[in-house]
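Everything below belongs to work_6.pdb, which stores PDB, C-alpha atoms.
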```pdb
ATOM      1  CA  MET A   1      24.342  35.461  14.829
ATOM      2  CA  ASP A   2      26.027  33.915  11.768
ATOM      3  CA  ARG A   3      26.247  30.589  13.578
ATOM      4  CA  ILE A   4      22.505  30.650  14.239
ATOM      5  CA  ARG A   5      21.753  31.495  10.603
ATOM      6  CA  GLY A   6      24.083  28.707   9.470
ATOM      7  CA  PHE A   7      22.383  26.286  11.828
ATOM      8  CA  LEU A   8      18.900  27.323  10.672
ATOM      9  CA  PHE A   9      19.992  27.003   7.046
ATOM     10  CA  ALA A  10      21.322  23.489   7.735
ATOM     11  CA  VAL A  11      18.063  22.525   9.440
ATOM     12  CA  ALA A  12      16.066  23.873   6.497
ATOM     13  CA  VAL A  13      18.202  21.941   4.001
ATOM     14  CA  CYS A  14      17.783  18.746   6.017
ATOM     15  CA  ALA A  15      14.033  19.275   6.252
ATOM     16  CA  VAL A  16      13.715  19.767   2.501
ATOM     17  CA  SER A  17      15.992  16.794   1.794
ATOM     18  CA  GLY A  18      14.010  14.645   4.187
ATOM     19  CA  SER A  19      10.737  15.610   2.572
ATOM     20  CA  LEU A  20      12.154  14.655  -0.809
ATOM     21  CA  LEU A  21      13.193  11.261   0.526
ATOM     22  CA  VAL A  22       9.787  10.707   2.064
ATOM     23  CA  SER A  23       8.002  11.634  -1.149
ATOM     24  CA  GLY A  24       8.673   8.272  -2.790
ATOM     25  CA  PRO A  25       5.986   6.134  -4.402
ATOM     26  CA  PHE A  26       4.383   4.932  -1.173
ATOM     27  CA  ALA A  27       4.962   8.091   0.880
ATOM     28  CA  ASN A  28       1.306   9.057   1.256
ATOM     29  CA  ALA A  29       0.140   5.465   1.533
ATOM     30  CA  GLU A  30       2.794   4.082   3.895
ATOM     31  CA  GLY A  31       1.432   5.697   7.031
ATOM     32  CA  SER A  32      -2.188   5.368   6.002
ATOM     33  CA  PRO A  33      -4.721   3.181   7.789
ATOM     34  CA  GLY A  34      -4.945   1.144   4.571
ATOM     35  CA  ALA A  35      -1.224   0.395   4.767
ATOM     36  CA  THR A  36      -1.717  -0.903   8.292
ATOM     37  CA  VAL A  37      -4.568  -3.172   7.187
ATOM     38  CA  PHE A  38      -2.549  -4.322   4.177
ATOM     39  CA  LYS A  39       0.480  -5.177   6.304
ATOM     40  CA  SER A  40      -1.568  -7.165   8.793
ATOM     41  CA  LYS A  41      -3.868  -9.042   6.402
ATOM     42  CA  CYS A  42      -2.475  -8.964   2.846
ATOM     43  CA  GLN A  43       1.284  -8.652   2.871
ATOM     44  CA  LEU A  44       2.009 -12.283   3.767
ATOM     45  CA  CYS A  45       0.710 -13.446   0.381
ATOM     46  CA  HIS A  46       0.814 -10.330  -1.790
ATOM     47  CA  GLY A  47       4.146  -8.997  -0.496
ATOM     48  CA  ALA A  48       5.009  -5.481   0.616
ATOM     49  CA  ASP A  49       4.930  -4.281  -2.998
ATOM     50  CA  GLY A  50       1.682  -6.093  -3.849
ATOM     51  CA  THR A  51       3.172  -8.257  -6.602
ATOM     52  CA  GLY A  52       2.451 -11.598  -4.913
ATOM     53  CA  ASN A  53       6.126 -12.474  -5.178
ATOM     54  CA  THR A  54       6.375 -14.207  -1.785
ATOM     55  CA  THR A  55       6.819 -17.884  -1.015
ATOM     56  CA  LEU A  56       3.201 -18.246   0.063
ATOM     57  CA  GLY A  57       1.982 -15.916  -2.653
ATOM     58  CA  LYS A  58       3.629 -18.050  -5.319
ATOM     59  CA  GLN A  59       2.151 -21.241  -3.849
ATOM     60  CA  LEU A  60      -1.329 -19.736  -3.744
ATOM     61  CA  GLN A  61      -0.922 -17.861  -7.030
ATOM     62  CA  ALA A  62      -1.758 -14.587  -5.309
ATOM     63  CA  ALA A  63      -2.785 -11.804  -7.650
ATOM     64  CA  ASN A  64      -0.351  -9.044  -8.560
ATOM     65  CA  LEU A  65      -2.237  -6.105  -7.071
ATOM     66  CA  ARG A  66      -0.250  -3.674  -9.206
ATOM     67  CA  SER A  67      -1.405  -5.328 -12.438
ATOM     68  CA  LYS A  68      -3.800  -3.716 -14.894
ATOM     69  CA  GLU A  69      -6.151  -6.665 -14.382
ATOM     70  CA  VAL A  70      -6.567  -5.886 -10.689
ATOM     71  CA  GLN A  71      -6.396  -2.105 -11.016
ATOM     72  CA  LYS A  72      -9.195  -2.011 -13.617
ATOM     73  CA  LYS A  73     -11.624  -3.589 -11.143
ATOM     74  CA  THR A  74     -14.095  -1.257  -9.511
ATOM     75  CA  ASN A  75     -13.903  -0.565  -5.803
ATOM     76  CA  ALA A  76     -17.088  -2.599  -5.396
ATOM     77  CA  GLU A  77     -15.486  -5.581  -7.150
ATOM     78  CA  LEU A  78     -12.371  -5.347  -4.995
ATOM     79  CA  HIS A  79     -14.535  -4.989  -1.886
ATOM     80  CA  LYS A  80     -16.380  -8.188  -2.778
ATOM     81  CA  VAL A  81     -13.141 -10.111  -3.326
ATOM     82  CA  ILE A  82     -11.695  -8.966   0.005
ATOM     83  CA  HIS A  83     -14.959  -9.518   1.874
ATOM     84  CA  ASP A  84     -15.983 -12.858   0.349
ATOM     85  CA  GLY A  85     -12.649 -14.264  -0.841
ATOM     86  CA  ASN A  86     -11.890 -15.532  -4.341
ATOM     87  CA  GLY A  87     -10.143 -18.716  -5.454
ATOM     88  CA  ASN A  88      -7.258 -19.324  -3.058
ATOM     89  CA  MET A  89      -7.830 -16.027  -1.268
ATOM     90  CA  PRO A  90      -9.751 -16.440   1.988
ATOM     91  CA  PRO A  91     -12.618 -14.138   2.935
ATOM     92  CA  PHE A  92     -11.835 -11.274   5.293
ATOM     93  CA  GLY A  93     -15.413 -10.100   5.848
ATOM     94  CA  GLU A  94     -15.453 -11.400   9.420
ATOM     95  CA  GLN A  95     -12.029  -9.952  10.258
ATOM     96  CA  LEU A  96     -12.335  -6.517   8.644
ATOM     97  CA  ASN A  97     -15.192  -4.028   8.728
ATOM     98  CA  ASP A  98     -16.276  -2.152   5.598
ATOM     99  CA  ASN A  99     -14.185   0.885   6.498
ATOM    100  CA  GLU A 100     -11.025  -1.218   6.874
ATOM    101  CA  ILE A 101     -11.708  -2.949   3.562
ATOM    102  CA  ASN A 102     -12.135   0.439   1.869
ATOM    103  CA  GLN A 103      -8.859   1.616   3.405
ATOM    104  CA  ALA A 104      -7.094  -1.482   2.067
ATOM    105  CA  ILE A 105      -8.581  -0.813  -1.373
ATOM    106  CA  GLN A 106      -7.192   2.727  -1.332
ATOM    107  CA  PHE A 107      -3.769   1.315  -0.481
ATOM    108  CA  VAL A 108      -4.055  -1.194  -3.350
ATOM    109  CA  ARG A 109      -4.895   1.726  -5.655
ATOM    110  CA  SER A 110      -1.686   3.449  -4.551
ATOM    111  CA  LEU A 111       0.265   0.333  -5.558
ATOM    112  CA  GLY A 112      -1.210   0.595  -9.050
ATOM    113  CA  LYS A 113      -0.087   4.193  -9.370
ATOM    114  CA  VAL A 114       3.494   3.116  -8.703
ATOM    115  CA  ALA A 115       3.295   0.445 -11.404
ATOM    116  CA  LYS A 116       2.300   2.988 -14.072
ATOM    117  CA  LYS A 117       5.450   5.084 -13.615
TER     118      LYS A 117
END
```
Kindly transcribe the structure held in the file into structure tokens.
Amino acid sequence: MDRIRGFLFAVAVCAVSGSLLVSGPFANAEGSPGATVFKSKCQLCHGADGTGNTTLGKQLQAANLRSKEVQKKTNAELHKVIHDGNGNMPPFGEQLNDNEINQAIQFVRSLGKVAKK
């Protein structure tokens, strides 16, 4: 019986430890549909962290999505940029539906929350 209790205690400790590890800055956003859209359409230029610090991002002067300048934009403004493109950023309105764009915007918002900490 003591072995079972010890085992259950160990499992509980591992579960709590694992949940603490998974509760990092992108924990809620990582598995989100917005993260999937971001990885497939945005990450090449903006990078996994959204800073634009990639080879292509630097060449195209991709916006730092974590910046105050981007984060202060309304969802409607961000939607327009993603849908219609802006400067060196191509339009994604024909590749993404409105729901996917909104999901990507929510992921971008999560990047801004990390920057404030």
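Applied to the shown file, the PyMOL selection byres ((chain A and resi 47) around 12) selects the residues A:Phe38, A:Lys39, A:Ser40, A:Lys41, A:Cys42, A:Gln43, A:Leu44, A:Cys45, A:His46, A:Ala48, A:Asp49, A:Gly50, A:Thr51, A:Gly52, A:Asn53, A:Thr54, A:Thr55, A:Leu56, A:Gly57, A:Lys58, A:Ala62, A:Ala63, A:Asn64, A:Leu65, A:Arg66, A:Val108, A:Leu111.
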*asked:* My list of candidates is A:Gln59, A:Gln106, A:Ile101, A:Val114. Which is closest to A:Lys80 when distances are computed with only C-alpha atoms?
replied: A:Ile101
*Skipping near chain neighbours, those fewer than 2 positions away, what residues fall within 8 Å of A:Ile82 using all atoms listed in the file, listed as a count of residues only?*
11
*Could you tell me which of A:Gln61, A:Asn102, A:Gly112, A:Ser32 comes closest to A:Glu77 if we count only C-alpha atoms?*
A:Asn102
*For atom CA of A:Gly34 and atom CA of A:Val70, quote the distance in Å rounded to one decimal.*
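Separating atom CA of A:Gly34 from atom CA of A:Val70 is a distance of 16.9 Å.
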For stretch 89-92 of chain A, what centre and edge lengths in Å (one decimal) does the axis-aligned box get once 3 Å is added on each side of all its listed atoms, as lines of an AutoDock Vina configuration file?
```
center_x = -10.2
center_y = -13.9
center_z = 2.0
size_x = 10.8
size_y = 11.2
size_z = 12.6
```
*Rounded to one decimal in Å, what is the spacing between atom CA of A:Pro33 and atom CA of A:Lys113?*
17.8 Å
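As for atom CA of A:Asn88 and atom CA of A:Glu69, they are spaced 17.0 Å apart.
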*Which of these, A:Met89, A:His83, A:Gly31, A:Lys68, has the shortest distance to A:Arg109 once you count all atoms listed in the file?*
A:Lys68
